[in-house]
Amino acid sequence: MAKELKNLTKRSENYSQWYNELVVKADLAEQSAVRGCMVIKPYGYAIWEKMQRTLDAMFKETGVQNAYFPLLIPKSYLCREAEHVEGFAKECAVVTHYRLKNDPEGNGVVVDPEARLEEELIVRPTSETIIWGTYKNWIHSYRDLPLLINQWANVMRWEMRTRMFLRTAEFLWQEGHTAHATAKEAEDRTVQMINVYADFARKYMALPVVVGVKSETERFAGALNTYTIEAMMQDGKALQSGTSHFLGQNFAKAFDVTFINKENQAEYVWASSWGVSTRLMGALIMAHSDDNGLVLPPHLAPIQVVIVPIYKNDEQLAAISEKIQPVINELKSLGISVKYDDADNRRPGFKFADYELKGVPVRLAVGARDLENGTVELMRRDTLEKETLPIEGIAAHINSLLEEIQQNIYDKALARQKEMTYEVNSYDEFKEKIEAGGFMLCHWDGTPETEARIKEETKATIRCIPLDGDTTPGVCMVTGKPSKQRVVIARSY
RNA sequence: CGGGGCGUAGCGCAGUCCGGUAGCGCACCUGGUUUGGGACCAGGGGGUCGCAGGUUCGAAUCCUGUCACCCCGACCA
């Protein structure tokens, strides 16, 4: 690394490149040799693990259990639900053979044409079909409902264009699949889970989000209704960060999943599915980072506090270590993750820059000067402010400071989102404003035709119809036809 | 799949127009001096120039094909 780290592309030049470079240099992930896939490195994965653990606990609080379903889906399963297959057909990886053999011409190894599968298997782009094929055997009576299952898994979508964390060919996610006796119960669960996602984004990722409903054209393939959380990145573009779908009885009908109700009548079950992915990592990076690197909210930072000793010789290091050890112990007992970096193969300046790049929320530096004065130097990553503080009571101070940083990062993101959200009343104004990015709150006549025209002419899409938005009626900014409420329109990733 | 760019050491690049047997910075290794914001000096190791053909006495360089990656679109979490 060293000096090249200084050359983080400035965001003004090209936001995408800056982001990509940041992901690589902060040691989060790198491009894999496999097309469109990425290698998530230990530091990046540690953040994902923390997200996973938190979300998993939140799911379980709502009664959800984890399970696991196969990676490969028989082609016939995927075809059962017409809209679903149409939505995913263009981006499926397909397994056609089960054996290789030595090339008769001596060029290594080739696919054995004898070993063709009778029915091709699809690498899951999502698991609705295999899961509903399984649920058929699990659900017989109203007593089996609701069925609340989640799986942590990888999925594959052969996207034409990929971008690290935001759209990789293979990605990690969780997908929840629930089955219910009534439509209301299923739709309530759909809403409940989008709210879990919104809570998670706000409290842990320090990411303000708009909760809303997708327009018909943006809906999940096979869903009756799709709820979404939309976050704004620093360049004003939207990122769909989590979705929850009300599937009605579509999959129950496709896979013939029925239950006997209290009146001894057979009924199709009602379904929801919901998911968030490693894209959340992308959101985290793009929402908070600055030109010094990552800025991680303390609630998700793998290392919350790093301590860098500054010493000239082993005696000094020993003295510093002795002085600082009680602080480390105290921080740990408060549940704070601490790294004491006494490695002697990097100089302090290098470490400072490196931990900033990695987004560590709080840094302490301790040297001979501090030993004399009984102080430490503290720097907070969100503001880059440094202050020298007495070592006495430093752990308690950091404990509350971490919360303050968490809140500050959220407030900053929220302020930016508000600042870049505009009520727009004419299409001309819209066309002008959209160039600089941001969320446009506009009246829309509710037709796919108008939506398509806006997209065609401005590259912006309807991100969602916000749940808690202004419901004052008006007239569509494009057609002048009546509109029930304002919707969020933006360019997106 | 369209438009643009790029492929040379682990990373970032120069060399390609005008053919002559490979170079710079960072990283790495050894020794020393250093250590409060990305250390310095000296020495050292590492590349069949994306791949396959062709032209030539000779190809990183010219020609043909092909593959990969990046950016901008279309598609999507």
# chains A, B, ... in the order shown; residues from 1 in each chain; ligands from 1

$ residues_around --residues "stretch 291-298 of chain A" --least-positions-apart "3" --cutoff "6 Å" --atoms "only C-alpha atoms (C1' of nucleotides)" --output "list in words"
His288, Ala301, Gln304, Leu357, Lys358, Gly359, Leu402 and Gln406 of chain A

$ write_last_selection --atoms "N, CA and C atoms" --output "mmCIF file, in the first residue's frame"
data_model
loop_
_atom_site.group_PDB
_atom_site.id
_atom_site.type_symbol
_atom_site.label_atom_id
_atom_site.label_comp_id
_atom_site.auth_asym_id
_atom_site.auth_seq_id
_atom_site.Cartn_x
_atom_site.Cartn_y
_atom_site.Cartn_z
ATOM 1 N N HIS A 288 -21.545 6.574 3.690
ATOM 2 C CA HIS A 288 -20.821 7.273 4.760
ATOM 3 C C HIS A 288 -19.371 7.635 4.461
ATOM 4 N N ALA A 301 -18.878 -1.813 13.138
ATOM 5 C CA ALA A 301 -17.431 -1.839 12.921
ATOM 6 C C ALA A 301 -16.814 -3.069 13.582
ATOM 7 N N GLN A 304 -13.827 -1.451 16.917
ATOM 8 C CA GLN A 304 -14.440 -0.180 17.309
ATOM 9 C C GLN A 304 -13.401 0.814 17.808
ATOM 10 N N LEU A 357 -8.573 4.448 6.738
ATOM 11 C CA LEU A 357 -9.053 3.843 5.506
ATOM 12 C C LEU A 357 -10.056 2.726 5.808
ATOM 13 N N LYS A 358 -9.812 2.017 6.875
ATOM 14 C CA LYS A 358 -10.683 0.900 7.235
ATOM 15 C C LYS A 358 -11.891 1.342 8.061
ATOM 16 N N GLY A 359 -11.953 2.613 8.407
ATOM 17 C CA GLY A 359 -13.157 3.152 9.033
ATOM 18 C C GLY A 359 -13.303 2.913 10.518
ATOM 19 N N LEU A 402 -18.871 6.330 21.369
ATOM 20 C CA LEU A 402 -19.252 5.441 20.268
ATOM 21 C C LEU A 402 -20.721 5.646 19.888
ATOM 22 N N GLN A 406 -22.151 7.032 16.358
ATOM 23 C CA GLN A 406 -23.225 6.326 15.651
ATOM 24 C C GLN A 406 -24.335 7.302 15.267
#

$ interface_residues --of "chain B" --to "chain A" --cutoff "10 Å" --atoms "only C-alpha atoms (C1' of nucleotides)" --output "PyMOL selection string"
chain B and resi 1+11-12+25-27+34-39+68-71+74-77

$ write_last_selection --atoms "C-alpha atoms (C1' of nucleotides)" --output "CSV table (one decimal), in the first residue's frame"
chain,number,residue,atom,x,y,z
B,1,C,C1',-25.7,-7.1,-26.3
B,11,C,C1',-0.1,-3.6,-7.2
B,12,G,C1',0.1,1.1,-10.3
B,25,G,C1',7.5,3.7,-8.7
B,26,C,C1',5.3,1.0,-4.7
B,27,A,C1',5.4,-3.8,-2.3
B,34,U,C1',14.7,5.5,12.4
B,35,U,C1',9.5,5.6,14.9
B,36,G,C1',3.9,11.8,17.9
B,37,G,C1',0.6,11.6,10.5
B,38,G,C1',1.8,7.0,5.1
B,39,A,C1',10.6,6.7,7.2
B,68,A,C1',-10.6,-11.2,-19.9
B,69,C,C1',-11.3,-6.8,-17.3
B,70,C,C1',-13.0,-1.5,-16.5
B,71,C,C1',-16.3,2.7,-17.7
B,74,A,C1',-30.0,-1.6,-21.9
B,75,C,C1',-31.3,-5.6,-17.4
B,76,C,C1',-31.4,-6.2,-12.1
B,77,A,C1',-30.9,-7.0,-5.0

$ select_by_dssp --residues "stretch 311-375 of chain A" --states "helix (DSSP H, G or I)" --output "number ranges by chain"
A: 314-333, 348-357, 368-373

$ write_last_selection --atoms "N, CA and C atoms" --output "CSV table (one decimal), in the first residue's frame"
chain,number,residue,atom,x,y,z
A,314,ASP,N,12.1,-1.1,23.1
A,314,ASP,CA,11.3,-2.1,23.7
A,314,ASP,C,10.8,-1.6,25.1
A,315,GLU,N,11.7,-0.9,25.8
A,315,GLU,CA,11.4,-0.5,27.2
A,315,GLU,C,10.1,0.5,27.2
A,316,GLN,N,10.2,1.4,26.2
A,316,GLN,CA,9.1,2.3,26.1
A,316,GLN,C,7.8,1.6,25.8
A,317,LEU,N,7.9,0.6,24.8
A,317,LEU,CA,6.7,-0.2,24.5
A,317,LEU,C,6.1,-0.9,25.7
A,318,ALA,N,7.1,-1.5,26.5
A,318,ALA,CA,6.6,-2.2,27.6
A,318,ALA,C,5.9,-1.3,28.6
A,319,ALA,N,6.5,-0.1,28.8
A,319,ALA,CA,5.8,0.9,29.7
A,319,ALA,C,4.4,1.3,29.2
A,320,ILE,N,4.3,1.5,27.9
A,320,ILE,CA,3.0,1.9,27.3
A,320,ILE,C,2.0,0.8,27.5
A,321,SER,N,2.5,-0.4,27.1
A,321,SER,CA,1.6,-1.6,27.2
A,321,SER,C,1.1,-1.8,28.6
A,322,GLU,N,1.9,-1.6,29.6
A,322,GLU,CA,1.5,-1.8,31.0
A,322,GLU,C,0.5,-0.8,31.4
A,323,LYS,N,0.7,0.5,30.9
A,323,LYS,CA,-0.2,1.6,31.2
A,323,LYS,C,-1.6,1.4,30.6
A,324,ILE,N,-1.5,0.8,29.3
A,324,ILE,CA,-2.7,0.8,28.5
A,324,ILE,C,-3.6,-0.5,28.8
A,325,GLN,N,-2.9,-1.5,29.3
A,325,GLN,CA,-3.6,-2.8,29.4
A,325,GLN,C,-4.9,-2.7,30.2
A,326,PRO,N,-4.9,-1.9,31.3
A,326,PRO,CA,-6.2,-1.8,32.1
A,326,PRO,C,-7.3,-1.1,31.3
A,327,VAL,N,-6.9,-0.2,30.4
A,327,VAL,CA,-7.9,0.4,29.5
A,327,VAL,C,-8.5,-0.6,28.5
A,328,ILE,N,-7.6,-1.4,28.0
A,328,ILE,CA,-8.1,-2.4,27.1
A,328,ILE,C,-9.0,-3.4,27.8
A,329,ASN,N,-8.7,-3.8,29.0
A,329,ASN,CA,-9.5,-4.7,29.7
A,329,ASN,C,-10.9,-4.1,30.0
A,330,GLU,N,-10.8,-2.8,30.4
A,330,GLU,CA,-12.1,-2.1,30.7
A,330,GLU,C,-13.0,-2.0,29.5
A,331,LEU,N,-12.4,-1.6,28.4
A,331,LEU,CA,-13.1,-1.5,27.1
A,331,LEU,C,-13.8,-2.8,26.8
A,332,LYS,N,-13.0,-3.9,26.9
A,332,LYS,CA,-13.5,-5.2,26.5
A,332,LYS,C,-14.7,-5.6,27.5
A,333,SER,N,-14.5,-5.2,28.7
A,333,SER,CA,-15.6,-5.6,29.7
A,333,SER,C,-16.9,-4.8,29.4
A,348,PRO,N,3.9,4.5,13.1
A,348,PRO,CA,2.6,5.0,13.6
A,348,PRO,C,1.8,5.8,12.5
A,349,GLY,N,2.5,6.6,11.7
A,349,GLY,CA,1.8,7.3,10.6
A,349,GLY,C,1.1,6.4,9.7
A,350,PHE,N,1.7,5.3,9.3
A,350,PHE,CA,1.1,4.3,8.4
A,350,PHE,C,-0.1,3.7,9.1
A,351,LYS,N,0.0,3.4,10.3
A,351,LYS,CA,-1.2,2.8,11.0
A,351,LYS,C,-2.3,3.7,11.1
A,352,PHE,N,-2.1,5.0,11.4
A,352,PHE,CA,-3.1,6.0,11.5
A,352,PHE,C,-3.9,6.0,10.2
A,353,ALA,N,-3.2,6.1,9.1
A,353,ALA,CA,-3.8,6.2,7.7
A,353,ALA,C,-4.6,5.0,7.4
A,354,ASP,N,-4.0,3.8,7.8
A,354,ASP,CA,-4.6,2.6,7.4
A,354,ASP,C,-5.9,2.3,8.2
A,355,TYR,N,-5.9,2.7,9.5
A,355,TYR,CA,-7.2,2.4,10.2
A,355,TYR,C,-8.2,3.4,9.8
A,356,GLU,N,-7.8,4.6,9.4
A,356,GLU,CA,-8.8,5.6,8.9
A,356,GLU,C,-9.4,5.0,7.6
A,357,LEU,N,-8.6,4.4,6.7
A,357,LEU,CA,-9.1,3.8,5.5
A,357,LEU,C,-10.1,2.7,5.8
A,368,ALA,N,5.4,8.4,24.7
A,368,ALA,CA,6.1,8.7,25.9
A,368,ALA,C,5.6,10.0,26.6
A,369,ARG,N,5.2,11.0,25.7
A,369,ARG,CA,4.7,12.2,26.2
A,369,ARG,C,3.4,12.0,27.0
A,370,ASP,N,2.6,11.0,26.6
A,370,ASP,CA,1.3,10.7,27.3
A,370,ASP,C,1.6,10.1,28.6
A,371,LEU,N,2.6,9.2,28.6
A,371,LEU,CA,3.0,8.5,29.8
A,371,LEU,C,3.3,9.5,30.9
A,372,GLU,N,4.1,10.5,30.5
A,372,GLU,CA,4.5,11.6,31.5
A,372,GLU,C,3.2,12.3,32.0
A,373,ASN,N,2.3,12.6,31.1
A,373,ASN,CA,1.2,13.5,31.5
A,373,ASN,C,0.0,12.7,31.9

$ closest_residue --among "A:Leu384, A:Thr228, A:Tyr268, A:Ala287" --to "A:Arg463" --atoms "only C-alpha atoms"
A:Thr228

$ residues_around --residues "B:C29" --least-positions-apart "5" --cutoff "12 Å" --atoms "only C-alpha atoms (C1' of nucleotides)" --output "CSV table (one decimal) with C-alpha atoms (C1' of nucleotides), in the first residue's frame"
chain,number,residue,atom,x,y,z
B,43,G,C1',22.4,-4.0,-1.5
B,44,G,C1',19.1,-8.0,-3.6
B,45,G,C1',15.1,-11.3,-5.8
B,46,G,C1',11.1,-11.5,-9.1

$ residues_around --residues "stretch 60-66 of chain B" --least-positions-apart "3" --cutoff "10 Å" --atoms "only C-alpha atoms (C1' of nucleotides)" --output "list in words"
U8, G15, U16, C17, C18, G19, A22, C49, C51, A52, G53, G54, U55 and U56 of chain B

$ select_by_dssp --residues "stretch 132-213 of chain A" --states "strand (DSSP E)" --output "number ranges by chain"
A: 147-156, 170-180, 209-213

$ atom_distance --atom1 "atom CA of A:Ile303" --atom2 "atom CA of A:Tyr15"
26.4 Å

$ atom_distance --atom1 "atom CA of A:Val34" --atom2 "atom CA of A:Ala169"
9.1 Å

$ atom_distance --atom1 "atom CA of A:Glu21" --atom2 "atom CA of A:Val338"
26.6 Å

$ closest_residue --among "A:Ile398, A:Leu334, A:Val306, A:Ala231" --to "A:Ala490" --atoms "only C-alpha atoms"
A:Ala231

$ residues_around --residues "A:Val487" --least-positions-apart "6" --cutoff "10 Å" --atoms "only C-alpha atoms (C1' of nucleotides)" --output "MDAnalysis selection string"
chainID A and resid 212:215 423 439:444 446 462:467 469:471

$ residues_around --residues "stretch 481-484 of chain A" --least-positions-apart "4" --cutoff "6 Å" --atoms "only C-alpha atoms (C1' of nucleotides)" --output "NGL selection string"
:A and (443-445 or 473-476)

$ write_last_selection --atoms "N, CA and C atoms" --output "tab-separated table (two decimals), in the first residue's frame"
chain	number	residue	atom	x	y	z
A	443	HIS	N	-45.92	14.13	-8.26
A	443	HIS	CA	-47.21	13.51	-8.55
A	443	HIS	C	-47.11	12.73	-9.85
A	444	TRP	N	-47.73	11.54	-9.83
A	444	TRP	CA	-47.66	10.61	-10.98
A	444	TRP	C	-49.05	10.03	-11.15
A	445	ASP	N	-49.46	9.89	-12.40
A	445	ASP	CA	-50.83	9.46	-12.65
A	445	ASP	C	-51.07	7.97	-12.40
A	473	PRO	N	-53.67	14.90	-2.60
A	473	PRO	CA	-53.79	14.62	-4.04
A	473	PRO	C	-53.26	15.78	-4.87
A	474	GLY	N	-52.99	15.52	-6.13
A	474	GLY	CA	-52.51	16.57	-7.04
A	474	GLY	C	-52.68	16.12	-8.47
A	475	VAL	N	-51.89	16.71	-9.36
A	475	VAL	CA	-51.95	16.27	-10.75
A	475	VAL	C	-50.58	15.83	-11.22
A	476	CYS	N	-50.56	14.80	-12.05
A	476	CYS	CA	-49.32	14.21	-12.56
A	476	CYS	C	-48.47	15.27	-13.25
